[in-house]
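Okay, structure first, notes after.
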Amino acid sequence: MSAKLVSSRGGLQQLVAAAGLGRRKAPALTTHVTSRAPVCSLTTPKTQPTVSQHTRGLHTSIARRSGAAGVSRTATGVTGVTSTPLPEITDVYPNIASHKELYEFSIHHPDEFWGRLARSRLQWEKEFSIISDHDMTNAIFKWFPDGVLNASVNCVDRHAKEDPDRVALLWEKDEPGQEERVTYRELQELVCRTANVLLDLGVKKGDRVAIYMPVGPKAVAAMLACTRIGAIHSVVFAGFSAEALASRINDAGAEVVITMDEAVRGGKTIPLKKVVDAAAQHCPSLRHVLMGVRTGAEVSMGPKDINLDEALQNAAPYCEPTSMASEDLLFLLYTSGSTGKPKGVAHSTAGYLLYAAVTHKQVFDYHVGDVFGCMADIGWITGHSYVVYGPLANGATTLLFESTPTYPDPGRYWETVERLRINQLYCAPTALRLLLRYGDEYVTKYDRSSLKVLGSVGEPLNHEPWVWYNNIIGEGRCPLVDTWWQTETGGIMLSPRPSAPEALIKPAKPMRPMFGVAPILKDANNVDVCGNNADGALCIQSLWPGAARTVYGDHNRFLDTYWRPYPGTYFTGDGAHRRRSDKYLLYKRLDEVLPFEKHGLTPARATGNCKTPVVTECSCCSFSRDISSGNIFDYDIMSEPQVEGVPHWLIFIVEKEMVVGTILQSYCNWRSARCSVLTRFRRLLGRRCLKIIKHERINRSCSLLNQADIFSIILFKTLNL
């Protein structure tokens with residue numbers, strides 16, 4: 001039988017006397033552990049120390065090791081402990097005197113740490129008495145399982161009550177200078193009206209709703225309206241093909257889709273309703289399509305279609321929030337499906353919301369009144385966590401960026417920063433590398449003095465754009481947080497901040513683990529890789545509230561992908577280098593390893609000379625025709641589909657559903673495919689190319705080619721090594 005531990009003090013069930021906060025390795029996770037919150041009066045074994053004995057032992061242990069005398073303290077927490085104060089912990093345990101001790105407290109006493117933050121930073125309809133209940137064997141994780149709350153209340157209602165005229169959403173439309181501000185009071189009404197429209201259509205708690213919309217207030221309201229009535233939203237990036245959209249609708253069993261007539265991006269329109277109509281023909285579960293107006297374009301309306309704007313006008317302005325258990329699902333977000341059928345990553349309500357809020361505040365040093373500018377689309381996890389849920393849970397003013405980095409010119413980001421007085425800027429390395437090639441002129445003409453923190457998300461940020469971002473954009477005065485995390489983690493896992501105040505930030509390295517996150521490196525035999533200057537598979541040996549709970553409808557796939565490769569730990573799929581105990585560098589996906597790396601040929605070196613003013617992104621993957629040799633397939637992404645003037649390039653127009661493996665069979669050794677596609681698909685492109693090289697059939701729901709009537713131009717060039 002599995003062991004089960006019950007404690008009257010969350011996080012302190014493993015006695016402090018045996019903990020020793022100086023240890024780096026997290027406590028071994030038992031098969032099944034249930035931890036109860038301090039308010040719970042259920043029985044505690046007499047052989048265990050009382051809560052006060054636990055607490056006194058902890059204070060004594062920290063004081064003995066820290067030499068904490070003389071640390072300055074204020075009513076808001078200990079100053080000089082960590083980069084952004086964490087008073088919920090430091091005020092209760094005043095002998096925690098450094099960021100290292102605070103981090104180790106979060107690792108060795110996770111329930112105490114997260115339990116206190118959950119009470120402080122979320123609003124509960126019914127407060128929890130159990131902090132965690134985990135079954136490691138089956139990868140079933142529960143945080144605050146008997147608590148009751150509603151995400152829309154946490155993100156909107158409580159702020160609308162406290163400060164109704166505070167701006168919640170800053171909608172930066174495609175054309176510069178046409179921003180629209182939405183206050184928390186206005187957002188609350190829009191959310192409630194949208195929720196009532198869904199209720200009128202018969203949507204109920206637990207139903208799935210697909211959202212295929214561009215960034216804008218109505219899209220955010222659609223997400224929060226689902227949470228208000230207990231429906232589970234599945235946002236699909238408004239650029240995916242009809243096939244990709246249909247596959248996600250069918251997998252989730254969604255009965256309602258919310259979309260717009262068109263999207264506007266970079267001066268161009270995208271016919272979203274047309275894509276939905278094509279997808280709907282292959283979705284037997286779909287009952288209704290709600291269509292909002294963005295451009296006013298003429299669209300066909302069928303028996304399933306409802307004008308969203310008219311429905312909103314007729315809906316009641318208030319909707320009573322549904323009581324949701326902490327572990328009720330909040331949303332599904334489908335990964336690219338680059339390694340097979342797209343995975344519906346499922347996140348729960350309380351744990352995800354808490355982790356998004358805490359990481360948003362602690363990583364970006366957010367303070368009330370700041371304008372937070374995350375440039376991501378809501379179709380990605382970054383948009384979920386750091387455009388919508390994290391900032392709104394903290395009562396922030398959050399940016400909704402509808403355009404592109406280069407429209408109408410490459411100064412768009414910096415003009416937006418000046419005009420909207422953005423304080424934290426969070427964008428992708430692909431955008432930074434693209435903008436770097438246009439030089440400093442488009443940057444220095446705009447005032448960037450409002451910026452306090454810079455951030456990078458999506459993939460590793462290499463050295464050159466890091467230096468440019470830090471020195472030119474931030475003028476060397478803004479902390480630059482190069483973050484690493486995944487759809488499955490729910491929020492930031494590695495980042496230079498939080499840290500000790502003013503701690504050194506190394507270029508192009510995520511560096512430090514987040515509170516509650518215990519990274520570990522593993523070799524191929526599941527043996528811990530110890531010491532510094534070490535490489536291995538990056539795993540996480542602790543449990544954190546923001547972790548995904550399952551792959552929707554396929555928990556066995558969830559186990560096989562993340563929890564069985566290295567039993568007892570979460571497998572990220574990434575390789576990492578550890579320079580010191582708390583400084584990590586992410587360098588590659590482990591399914592994209594070159595066969596020649598033992599000879600010093602890494603992906604970075606293999607493609608380092610490929611970049612030109614035309615080619616803004618390049619990477620490579622490997623394949624092999626037999627066990628005695630390996631070949632490299634290089635893929636580059638062009639900023640524009642320029643063809644003229646490039647000698648010896650063969651142009652192939654490949655229809656979306658064509659199997660193109662035969663085209664490549666005559667090539668060997670080094671090949672280059674240069675594709676005019678969105679840069680955000682760089683990693684997805686690599687895996688698709690690998691499948692093509694191996695002559696594998698690509699899933700018909702390929703998200704890369706983003707419209708049914710659009711071709712991709714693939715250019716092949718043979719290079720001699």
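Residue names in the structure tokens use chain letters A, B, ... in the order shown, residue numbers from 1 in each chain, and ligand numbers from 1 in the order shown.
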Filtered DSSP result for segment 71-171 of chain A, state alpha helix (DSSP H), as a ChimeraX atom specification
/A:87-90,99-108,110-121,151-152,158-162
Taking N, CA, C and O atoms for each residue, export the selection above as a tab-separated table (two decimals), in the first residue's frame.
chain	number	residue	atom	x	y	z
A	87	PRO	N	6.54	39.37	1.83
A	87	PRO	CA	6.23	39.55	3.26
A	87	PRO	C	5.43	38.42	3.87
A	87	PRO	O	5.49	38.21	5.08
A	88	GLU	N	4.68	37.69	3.05
A	88	GLU	CA	3.89	36.58	3.60
A	88	GLU	C	4.78	35.55	4.30
A	88	GLU	O	4.32	34.86	5.22
A	89	ILE	N	6.02	35.44	3.87
A	89	ILE	CA	6.94	34.48	4.47
A	89	ILE	C	7.91	35.18	5.41
A	89	ILE	O	8.10	34.76	6.56
A	90	THR	N	8.53	36.25	4.97
A	90	THR	CA	9.59	36.88	5.77
A	90	THR	C	9.07	37.55	7.03
A	90	THR	O	9.79	37.66	8.02
A	99	HIS	N	18.11	35.64	0.18
A	99	HIS	CA	17.30	35.02	-0.86
A	99	HIS	C	17.54	33.51	-0.90
A	99	HIS	O	16.60	32.74	-1.11
A	100	LYS	N	18.77	33.08	-0.68
A	100	LYS	CA	19.07	31.65	-0.69
A	100	LYS	C	18.26	30.92	0.38
A	100	LYS	O	17.70	29.85	0.13
A	101	GLU	N	18.18	31.50	1.56
A	101	GLU	CA	17.41	30.86	2.64
A	101	GLU	C	15.92	30.87	2.32
A	101	GLU	O	15.20	29.91	2.63
A	102	LEU	N	15.45	31.95	1.70
A	102	LEU	CA	14.04	32.02	1.33
A	102	LEU	C	13.73	30.97	0.27
A	102	LEU	O	12.69	30.28	0.34
A	103	TYR	N	14.60	30.83	-0.72
A	103	TYR	CA	14.40	29.81	-1.74
A	103	TYR	C	14.41	28.41	-1.13
A	103	TYR	O	13.55	27.58	-1.45
A	104	GLU	N	15.36	28.14	-0.26
A	104	GLU	CA	15.44	26.81	0.34
A	104	GLU	C	14.24	26.53	1.24
A	104	GLU	O	13.78	25.38	1.33
A	105	PHE	N	13.72	27.54	1.87
A	105	PHE	CA	12.47	27.38	2.63
A	105	PHE	C	11.36	26.92	1.69
A	105	PHE	O	10.58	26.01	2.02
A	106	SER	N	11.27	27.53	0.50
A	106	SER	CA	10.21	27.16	-0.44
A	106	SER	C	10.36	25.73	-0.94
A	106	SER	O	9.37	25.08	-1.27
A	107	ILE	N	11.60	25.24	-1.00
A	107	ILE	CA	11.84	23.88	-1.49
A	107	ILE	C	11.54	22.85	-0.40
A	107	ILE	O	10.89	21.83	-0.66
A	108	HIS	N	11.98	23.10	0.80
A	108	HIS	CA	11.85	22.11	1.87
A	108	HIS	C	10.52	22.21	2.61
A	108	HIS	O	10.12	21.26	3.29
A	110	PRO	N	7.28	23.35	1.04
A	110	PRO	CA	6.44	23.91	-0.04
A	110	PRO	C	5.01	24.21	0.39
A	110	PRO	O	4.42	25.17	-0.09
A	111	ASP	N	4.46	23.38	1.26
A	111	ASP	CA	3.06	23.62	1.64
A	111	ASP	C	2.93	24.86	2.51
A	111	ASP	O	1.96	25.61	2.39
A	112	GLU	N	3.88	25.06	3.41
A	112	GLU	CA	3.87	26.28	4.20
A	112	GLU	C	4.04	27.50	3.29
A	112	GLU	O	3.35	28.51	3.44
A	113	PHE	N	4.95	27.40	2.35
A	113	PHE	CA	5.24	28.51	1.44
A	113	PHE	C	4.03	28.83	0.57
A	113	PHE	O	3.53	29.96	0.56
A	114	TRP	N	3.54	27.84	-0.17
A	114	TRP	CA	2.43	28.10	-1.10
A	114	TRP	C	1.11	28.31	-0.38
A	114	TRP	O	0.24	29.05	-0.87
A	115	GLY	N	0.94	27.68	0.76
A	115	GLY	CA	-0.29	27.87	1.52
A	115	GLY	C	-0.45	29.32	1.97
A	115	GLY	O	-1.54	29.90	1.89
A	116	ARG	N	0.62	29.91	2.47
A	116	ARG	CA	0.55	31.31	2.91
A	116	ARG	C	0.31	32.25	1.73
A	116	ARG	O	-0.45	33.21	1.83
A	117	LEU	N	0.98	32.00	0.61
A	117	LEU	CA	0.78	32.84	-0.56
A	117	LEU	C	-0.64	32.70	-1.12
A	117	LEU	O	-1.24	33.68	-1.57
A	118	ALA	N	-1.18	31.49	-1.09
A	118	ALA	CA	-2.53	31.28	-1.60
A	118	ALA	C	-3.56	32.04	-0.79
A	118	ALA	O	-4.52	32.61	-1.34
A	119	ARG	N	-3.39	32.10	0.52
A	119	ARG	CA	-4.33	32.85	1.37
A	119	ARG	C	-4.21	34.35	1.14
A	119	ARG	O	-5.19	35.08	1.18
A	120	SER	N	-2.98	34.79	0.91
A	120	SER	CA	-2.74	36.21	0.79
A	120	SER	C	-3.10	36.77	-0.57
A	120	SER	O	-3.62	37.88	-0.67
A	121	ARG	N	-2.83	36.02	-1.63
A	121	ARG	CA	-2.90	36.58	-2.97
A	121	ARG	C	-4.11	36.17	-3.79
A	121	ARG	O	-4.31	36.68	-4.89
A	151	ALA	N	-12.05	32.21	-10.80
A	151	ALA	CA	-10.92	32.93	-11.40
A	151	ALA	C	-11.32	34.33	-11.84
A	151	ALA	O	-10.55	35.28	-11.70
A	152	SER	N	-12.53	34.50	-12.39
A	152	SER	CA	-12.94	35.83	-12.85
A	152	SER	C	-13.12	36.79	-11.69
A	152	SER	O	-12.86	38.00	-11.83
A	158	ARG	N	-12.74	41.69	-7.70
A	158	ARG	CA	-12.15	42.28	-6.49
A	158	ARG	C	-11.44	43.59	-6.81
A	158	ARG	O	-11.41	44.51	-5.98
A	159	HIS	N	-10.88	43.72	-8.01
A	159	HIS	CA	-10.23	44.97	-8.39
A	159	HIS	C	-11.26	46.02	-8.81
A	159	HIS	O	-11.07	47.21	-8.55
A	160	ALA	N	-12.34	45.58	-9.45
A	160	ALA	CA	-13.42	46.51	-9.81
A	160	ALA	C	-14.07	47.10	-8.57
A	160	ALA	O	-14.51	48.25	-8.57
A	161	LYS	N	-14.12	46.33	-7.51
A	161	LYS	CA	-14.68	46.82	-6.25
A	161	LYS	C	-13.74	47.80	-5.57
A	161	LYS	O	-14.16	48.84	-5.04
A	162	GLU	N	-12.45	47.49	-5.59
A	162	GLU	CA	-11.46	48.31	-4.89
A	162	GLU	C	-11.13	49.59	-5.65
A	162	GLU	O	-11.01	50.67	-5.06
Pick out the residues sitting within 7 Å of Lys273 of chain A, and hand them over as a CSV table (one decimal) with N, CA and C atoms, in the first residue's frame; count only C-alpha atoms, and ignore anything fewer than 2 positions along from it in its own chain.
chain,number,residue,atom,x,y,z
A,259,THR,N,-15.5,33.6,-32.2
A,259,THR,CA,-14.5,34.2,-33.2
A,259,THR,C,-14.8,35.6,-33.6
A,260,MET,N,-14.1,36.1,-34.6
A,260,MET,CA,-14.4,37.5,-35.1
A,260,MET,C,-14.6,37.3,-36.6
A,261,ASP,N,-15.1,38.4,-37.2
A,261,ASP,CA,-15.2,38.3,-38.7
A,261,ASP,C,-13.8,38.2,-39.4
A,262,GLU,N,-12.9,39.1,-38.9
A,262,GLU,CA,-11.6,39.1,-39.4
A,262,GLU,C,-10.6,39.5,-38.3
A,271,PRO,N,-9.1,36.3,-42.6
A,271,PRO,CA,-10.5,35.9,-42.6
A,271,PRO,C,-10.9,34.8,-41.6
A,275,VAL,N,-12.3,30.7,-41.9
A,275,VAL,CA,-11.6,29.5,-41.4
A,275,VAL,C,-12.5,28.7,-40.5
A,276,VAL,N,-13.2,29.4,-39.7
A,276,VAL,CA,-14.2,28.6,-38.8
A,276,VAL,C,-15.2,27.9,-39.6
A,277,ASP,N,-15.7,28.5,-40.6
A,277,ASP,CA,-16.7,27.8,-41.5
A,277,ASP,C,-16.1,26.5,-42.1
Compile the contact shell of Glu502 of chain A as a ChimeraX atom specification: residues with an atom at most 10 Å away, counting only C-alpha atoms, same-chain residues fewer than 4 positions apart removed.
/A:80,82-83,479,497-498
Atom CA of Leu425 of chain A to atom CA of Leu454 of chain A: how many Å, to one decimal?
5.0 Å
I'd like the neighbourhood of Arg185 of chain A as a short mmCIF file (atom, residue, chain, number, x, y, z; two decimals) with all heavy atoms, in the first residue's frame, where a residue qualifies if any of its atoms comes within 7 Å (using only C-alpha atoms), though same-chain residues fewer than 2 positions away should be ignored.
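Written file, selection-v2.cif:
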data_model
loop_
_atom_site.label_atom_id
_atom_site.label_comp_id
_atom_site.auth_asym_id
_atom_site.auth_seq_id
_atom_site.Cartn_x
_atom_site.Cartn_y
_atom_site.Cartn_z
N ALA A 160 -12.34 45.58 -9.45
CA ALA A 160 -13.42 46.51 -9.81
C ALA A 160 -14.07 47.10 -8.57
O ALA A 160 -14.51 48.25 -8.57
CB ALA A 160 -14.46 45.79 -10.66
N PRO A 164 -12.49 50.79 -9.30
CA PRO A 164 -13.21 50.49 -10.55
C PRO A 164 -12.69 51.24 -11.76
O PRO A 164 -12.86 50.77 -12.89
CB PRO A 164 -14.65 50.89 -10.22
CG PRO A 164 -14.55 51.85 -9.08
CD PRO A 164 -13.37 51.40 -8.28
N ASP A 165 -12.08 52.41 -11.58
CA ASP A 165 -11.63 53.20 -12.72
C ASP A 165 -10.18 52.93 -13.11
O ASP A 165 -9.64 53.57 -14.02
CB ASP A 165 -11.81 54.70 -12.41
CG ASP A 165 -13.28 55.07 -12.25
OD1 ASP A 165 -14.11 54.46 -12.96
OD2 ASP A 165 -13.59 55.93 -11.42
N THR A 183 -11.43 49.86 -18.33
CA THR A 183 -11.25 49.85 -16.88
C THR A 183 -11.75 48.53 -16.30
O THR A 183 -12.42 47.74 -16.97
CB THR A 183 -12.02 51.00 -16.23
OG1 THR A 183 -13.45 50.76 -16.41
CG2 THR A 183 -11.65 52.34 -16.84
N LEU A 187 -14.52 46.09 -17.79
CA LEU A 187 -14.18 44.69 -18.05
C LEU A 187 -15.13 43.76 -17.32
O LEU A 187 -15.56 42.73 -17.87
CB LEU A 187 -12.74 44.41 -17.63
CG LEU A 187 -12.25 42.98 -17.85
CD1 LEU A 187 -12.35 42.56 -19.31
CD2 LEU A 187 -10.80 42.82 -17.36
N GLN A 188 -15.49 44.09 -16.09
CA GLN A 188 -16.42 43.26 -15.34
C GLN A 188 -17.76 43.14 -16.06
O GLN A 188 -18.32 42.05 -16.18
CB GLN A 188 -16.64 43.83 -13.94
CG GLN A 188 -17.56 42.98 -13.08
CD GLN A 188 -17.83 43.61 -11.72
OE1 GLN A 188 -17.94 44.83 -11.60
NE2 GLN A 188 -17.90 42.79 -10.69
N GLU A 189 -18.26 44.25 -16.59
CA GLU A 189 -19.54 44.21 -17.30
C GLU A 189 -19.42 43.40 -18.59
O GLU A 189 -20.30 42.61 -18.92
CB GLU A 189 -20.03 45.62 -17.62
CG GLU A 189 -21.36 45.62 -18.36
CD GLU A 189 -21.92 47.02 -18.58
OE1 GLU A 189 -21.60 47.93 -17.80
OE2 GLU A 189 -22.68 47.18 -19.56
#
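The two atoms in question, atom CA of Thr430 of chain A and atom CA of Ala376 of chain A, are spaced 11.8 Å apart.
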Taking the backbone alone, and naming residues the way the document does, which bits of segment 114-312 of chain A are strand (DSSP E) by DSSP, as a PyMOL selection string?
chain A and resi 130-135+140-143+148-149+167-172+180-183+208-212+232-235+256-260+263-265+268-270+288-292+305-307
Per residue of segment 82-181 of chain A within 10 Å of segment 393-404 of chain A, note the shortest atom pair and the distance in Å to one decimal, counting only C-alpha atoms, and order the rows by chain and increasing residue number, as CSV.
residue,atom,partner,partner_atom,distance
A:Arg121,CA,A:Asn394,CA,8.0
A:Leu122,CA,A:Ala393,CA,7.8
A:Gln123,CA,A:Ala393,CA,9.7
A:Ala151,CA,A:Ala393,CA,8.3
A:Ser152,CA,A:Ala393,CA,8.8
A:Val153,CA,A:Ala393,CA,9.0
A:Asn154,CA,A:Ala393,CA,5.6
A:Cys155,CA,A:Ala393,CA,4.3
A:Val156,CA,A:Ala393,CA,7.5
A:Arg158,CA,A:Gly395,CA,8.6
A:His159,CA,A:Gly395,CA,6.0
A:Ala160,CA,A:Gly395,CA,9.0
A:Glu162,CA,A:Gly395,CA,9.7
A:Asp163,CA,A:Gly395,CA,9.2
A:Arg166,CA,A:Thr397,CA,7.7
A:Val167,CA,A:Thr397,CA,5.6
A:Ala168,CA,A:Thr397,CA,4.5
A:Leu169,CA,A:Thr398,CA,5.2
A:Leu170,CA,A:Leu399,CA,4.7
A:Trp171,CA,A:Leu400,CA,4.6
A:Glu172,CA,A:Phe401,CA,5.0
A:Lys173,CA,A:Glu402,CA,5.2
A:Asp174,CA,A:Ser403,CA,4.4
A:Glu175,CA,A:Ser403,CA,7.5
A:Pro176,CA,A:Ser403,CA,8.7
A:Glu179,CA,A:Leu400,CA,9.4
A:Glu180,CA,A:Leu400,CA,9.6
A:Arg181,CA,A:Thr397,CA,9.5
A:Pro510, A:Gly379, A:Gly553, A:Pro410: which is nearest Tyr334 of chain A, counting only C-alpha atoms?
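Ranking A:Pro510, A:Gly379, A:Gly553, A:Pro410 by distance to Tyr334 of chain A, first place goes to A:Gly379.
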Using only C-alpha atoms, determine which residues lie at most 10 Å from Leu308 of chain A, disregarding the query and same-chain residues fewer than 4 positions distant; provide the list as an NGL selection string.
:A and (194 or 197 or 218 or 258-260 or 289-293 or 312-313)
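If you look at atom CA of Leu190 of chain A and atom CA of Trp124 of chain A, they are 22.6 Å away from each other.
Closest approach to Leu585 of chain A from the set A:Ala503, A:Tyr566, A:Ala518, A:Glu459 is made by A:Glu459, with distances taken over only C-alpha atoms.
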10 Å contact set for Cys539 of chain A, only C-alpha atoms, chain neighbours under 2 positions out, as a VMD selection string:
chain A and resid 518 to 522 528 536 to 537 541 to 542 562 to 563 565 to 566 568 to 576
Can I get the selected residues back with N, CA and C atoms, as a compact mmCIF listing (two decimals), in the first residue's frame?
# COMPACT_ATOMS: atom_id res chain seq x y z
N ALA A 518 12.80 22.99 -8.01
CA ALA A 518 14.08 22.35 -7.73
C ALA A 518 14.56 21.62 -8.98
N PRO A 519 15.36 22.27 -9.83
CA PRO A 519 15.86 21.59 -11.04
C PRO A 519 16.94 20.59 -10.72
N ILE A 520 17.07 19.61 -11.56
CA ILE A 520 18.11 18.59 -11.41
C ILE A 520 18.47 18.11 -12.80
N LEU A 521 19.73 17.74 -13.01
CA LEU A 521 20.18 17.19 -14.28
C LEU A 521 20.30 15.68 -14.16
N LYS A 522 19.88 14.98 -15.20
CA LYS A 522 19.91 13.52 -15.23
C LYS A 522 20.69 13.04 -16.46
N ASP A 528 21.53 11.06 -11.21
CA ASP A 528 21.74 12.49 -11.01
C ASP A 528 23.12 12.89 -11.51
N GLY A 536 23.15 17.75 -18.79
CA GLY A 536 22.25 16.62 -18.67
C GLY A 536 20.84 16.99 -19.07
N ALA A 537 19.95 16.02 -18.95
CA ALA A 537 18.53 16.27 -19.20
C ALA A 537 17.96 17.05 -18.02
N GLN A 541 12.49 18.15 -9.70
CA GLN A 541 12.22 17.14 -8.69
C GLN A 541 11.29 17.63 -7.58
N SER A 542 10.77 18.84 -7.73
CA SER A 542 9.78 19.34 -6.77
C SER A 542 8.43 19.46 -7.47
N TYR A 562 5.95 13.09 -19.65
CA TYR A 562 6.57 13.97 -18.65
C TYR A 562 7.04 13.27 -17.37
N TRP A 563 6.41 12.18 -16.98
CA TRP A 563 6.67 11.64 -15.65
C TRP A 563 7.30 10.26 -15.63
N PRO A 565 9.69 9.10 -18.14
CA PRO A 565 11.07 9.03 -18.63
C PRO A 565 12.11 9.04 -17.51
N TYR A 566 11.89 9.86 -16.48
CA TYR A 566 12.78 9.92 -15.32
C TYR A 566 11.90 9.84 -14.07
N GLY A 568 9.84 9.89 -10.79
CA GLY A 568 9.98 10.73 -9.61
C GLY A 568 10.27 12.18 -9.90
N THR A 569 10.45 12.50 -11.19
CA THR A 569 10.71 13.89 -11.58
C THR A 569 9.91 14.24 -12.82
N TYR A 570 9.73 15.54 -13.04
CA TYR A 570 9.11 16.05 -14.27
C TYR A 570 10.21 16.22 -15.32
N PHE A 571 10.05 15.59 -16.48
CA PHE A 571 11.02 15.67 -17.56
C PHE A 571 10.63 16.79 -18.50
N THR A 572 11.50 17.78 -18.66
CA THR A 572 11.18 18.95 -19.46
C THR A 572 11.35 18.72 -20.95
N GLY A 573 12.16 17.72 -21.33
CA GLY A 573 12.48 17.53 -22.74
C GLY A 573 13.66 18.35 -23.21
N ASP A 574 14.21 19.19 -22.33
CA ASP A 574 15.32 20.06 -22.68
C ASP A 574 16.62 19.58 -22.05
N GLY A 575 17.72 19.87 -22.72
CA GLY A 575 19.03 19.68 -22.13
C GLY A 575 19.52 20.98 -21.54
N ALA A 576 20.33 20.90 -20.50
CA ALA A 576 20.79 22.11 -19.83
C ALA A 576 22.22 21.95 -19.35
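Of the listed residues (A:Ile211, A:Val388, A:Leu435, A:Leu461), A:Ile211 comes nearest to Leu332 of chain A; the distances count only C-alpha atoms.
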Using only C-alpha atoms, which residues sit within 10 Å of Val235 of chain A once same-chain residues fewer than 5 positions away are excluded, as an NGL selection string?
:A and (209-213 or 219 or 222-223 or 245 or 248-249 or 257-258 or 331-334 or 378-381 or 384)
Generate a file of the selected residues that holds N, CA, C and O atoms, formatted as a compact mmCIF listing (two decimals), in the first residue's frame.
# COMPACT_ATOMS: atom_id res chain seq x y z
N VAL A 209 -15.31 25.40 -24.46
CA VAL A 209 -15.59 26.47 -25.42
C VAL A 209 -14.30 26.81 -26.15
O VAL A 209 -13.28 27.11 -25.51
N ALA A 210 -14.32 26.76 -27.48
CA ALA A 210 -13.15 27.11 -28.28
C ALA A 210 -13.18 28.61 -28.58
O ALA A 210 -14.23 29.17 -28.90
N ILE A 211 -12.02 29.25 -28.47
CA ILE A 211 -11.89 30.68 -28.73
C ILE A 211 -10.86 30.86 -29.83
O ILE A 211 -9.69 30.50 -29.66
N TYR A 212 -11.30 31.39 -30.95
CA TYR A 212 -10.44 31.59 -32.12
C TYR A 212 -10.50 33.07 -32.47
O TYR A 212 -11.21 33.50 -33.37
N MET A 213 -9.77 33.87 -31.71
CA MET A 213 -9.89 35.32 -31.78
C MET A 213 -8.52 35.98 -31.73
O MET A 213 -7.59 35.45 -31.12
N ALA A 219 -11.66 39.11 -26.62
CA ALA A 219 -11.02 37.81 -26.45
C ALA A 219 -10.73 37.55 -24.98
O ALA A 219 -10.97 36.45 -24.46
N ALA A 222 -13.93 36.82 -23.29
CA ALA A 222 -14.41 35.47 -23.59
C ALA A 222 -13.75 34.44 -22.69
O ALA A 222 -14.40 33.52 -22.17
N MET A 223 -12.44 34.58 -22.49
CA MET A 223 -11.72 33.67 -21.60
C MET A 223 -12.28 33.75 -20.18
O MET A 223 -12.59 32.73 -19.55
N LEU A 245 -7.62 23.94 -36.37
CA LEU A 245 -8.74 24.36 -35.52
C LEU A 245 -9.72 23.22 -35.30
O LEU A 245 -10.16 22.96 -34.17
N ARG A 248 -8.58 20.55 -32.81
CA ARG A 248 -8.65 20.98 -31.42
C ARG A 248 -10.08 21.04 -30.92
O ARG A 248 -10.36 20.71 -29.76
N ILE A 249 -10.99 21.48 -31.78
CA ILE A 249 -12.41 21.48 -31.41
C ILE A 249 -12.88 20.05 -31.13
O ILE A 249 -13.55 19.77 -30.13
N VAL A 257 -17.91 27.86 -30.49
CA VAL A 257 -16.70 28.57 -30.90
C VAL A 257 -16.99 30.06 -30.89
O VAL A 257 -18.05 30.50 -31.37
N ILE A 258 -16.07 30.83 -30.33
CA ILE A 258 -16.18 32.29 -30.36
C ILE A 258 -15.08 32.82 -31.27
O ILE A 258 -13.91 32.48 -31.10
N PHE A 331 -8.54 25.74 -18.09
CA PHE A 331 -8.46 25.83 -19.55
C PHE A 331 -7.65 24.67 -20.11
O PHE A 331 -6.91 23.99 -19.40
N LEU A 332 -7.82 24.47 -21.42
CA LEU A 332 -6.98 23.57 -22.22
C LEU A 332 -6.19 24.44 -23.18
O LEU A 332 -6.71 25.42 -23.72
N LEU A 333 -4.94 24.07 -23.41
CA LEU A 333 -4.15 24.77 -24.42
C LEU A 333 -3.37 23.70 -25.18
O LEU A 333 -2.58 22.95 -24.60
N TYR A 334 -3.61 23.66 -26.47
CA TYR A 334 -3.02 22.60 -27.29
C TYR A 334 -1.63 23.00 -27.76
O TYR A 334 -1.42 24.10 -28.27
N ILE A 378 -2.63 35.78 -27.24
CA ILE A 378 -3.35 34.98 -26.24
C ILE A 378 -3.46 33.52 -26.66
O ILE A 378 -3.84 32.67 -25.85
N GLY A 379 -3.11 33.21 -27.90
CA GLY A 379 -3.15 31.82 -28.35
C GLY A 379 -2.03 30.97 -27.81
O GLY A 379 -2.05 29.75 -27.99
N TRP A 380 -1.06 31.58 -27.14
CA TRP A 380 0.06 30.85 -26.55
C TRP A 380 -0.02 30.92 -25.04
O TRP A 380 -0.70 31.77 -24.47
N ILE A 381 0.72 30.07 -24.37
CA ILE A 381 0.69 30.05 -22.91
C ILE A 381 1.22 31.37 -22.33
O ILE A 381 0.76 31.82 -21.28
N HIS A 384 -1.64 33.59 -22.05
CA HIS A 384 -2.52 33.19 -20.95
C HIS A 384 -1.97 33.69 -19.61
O HIS A 384 -2.68 34.32 -18.82
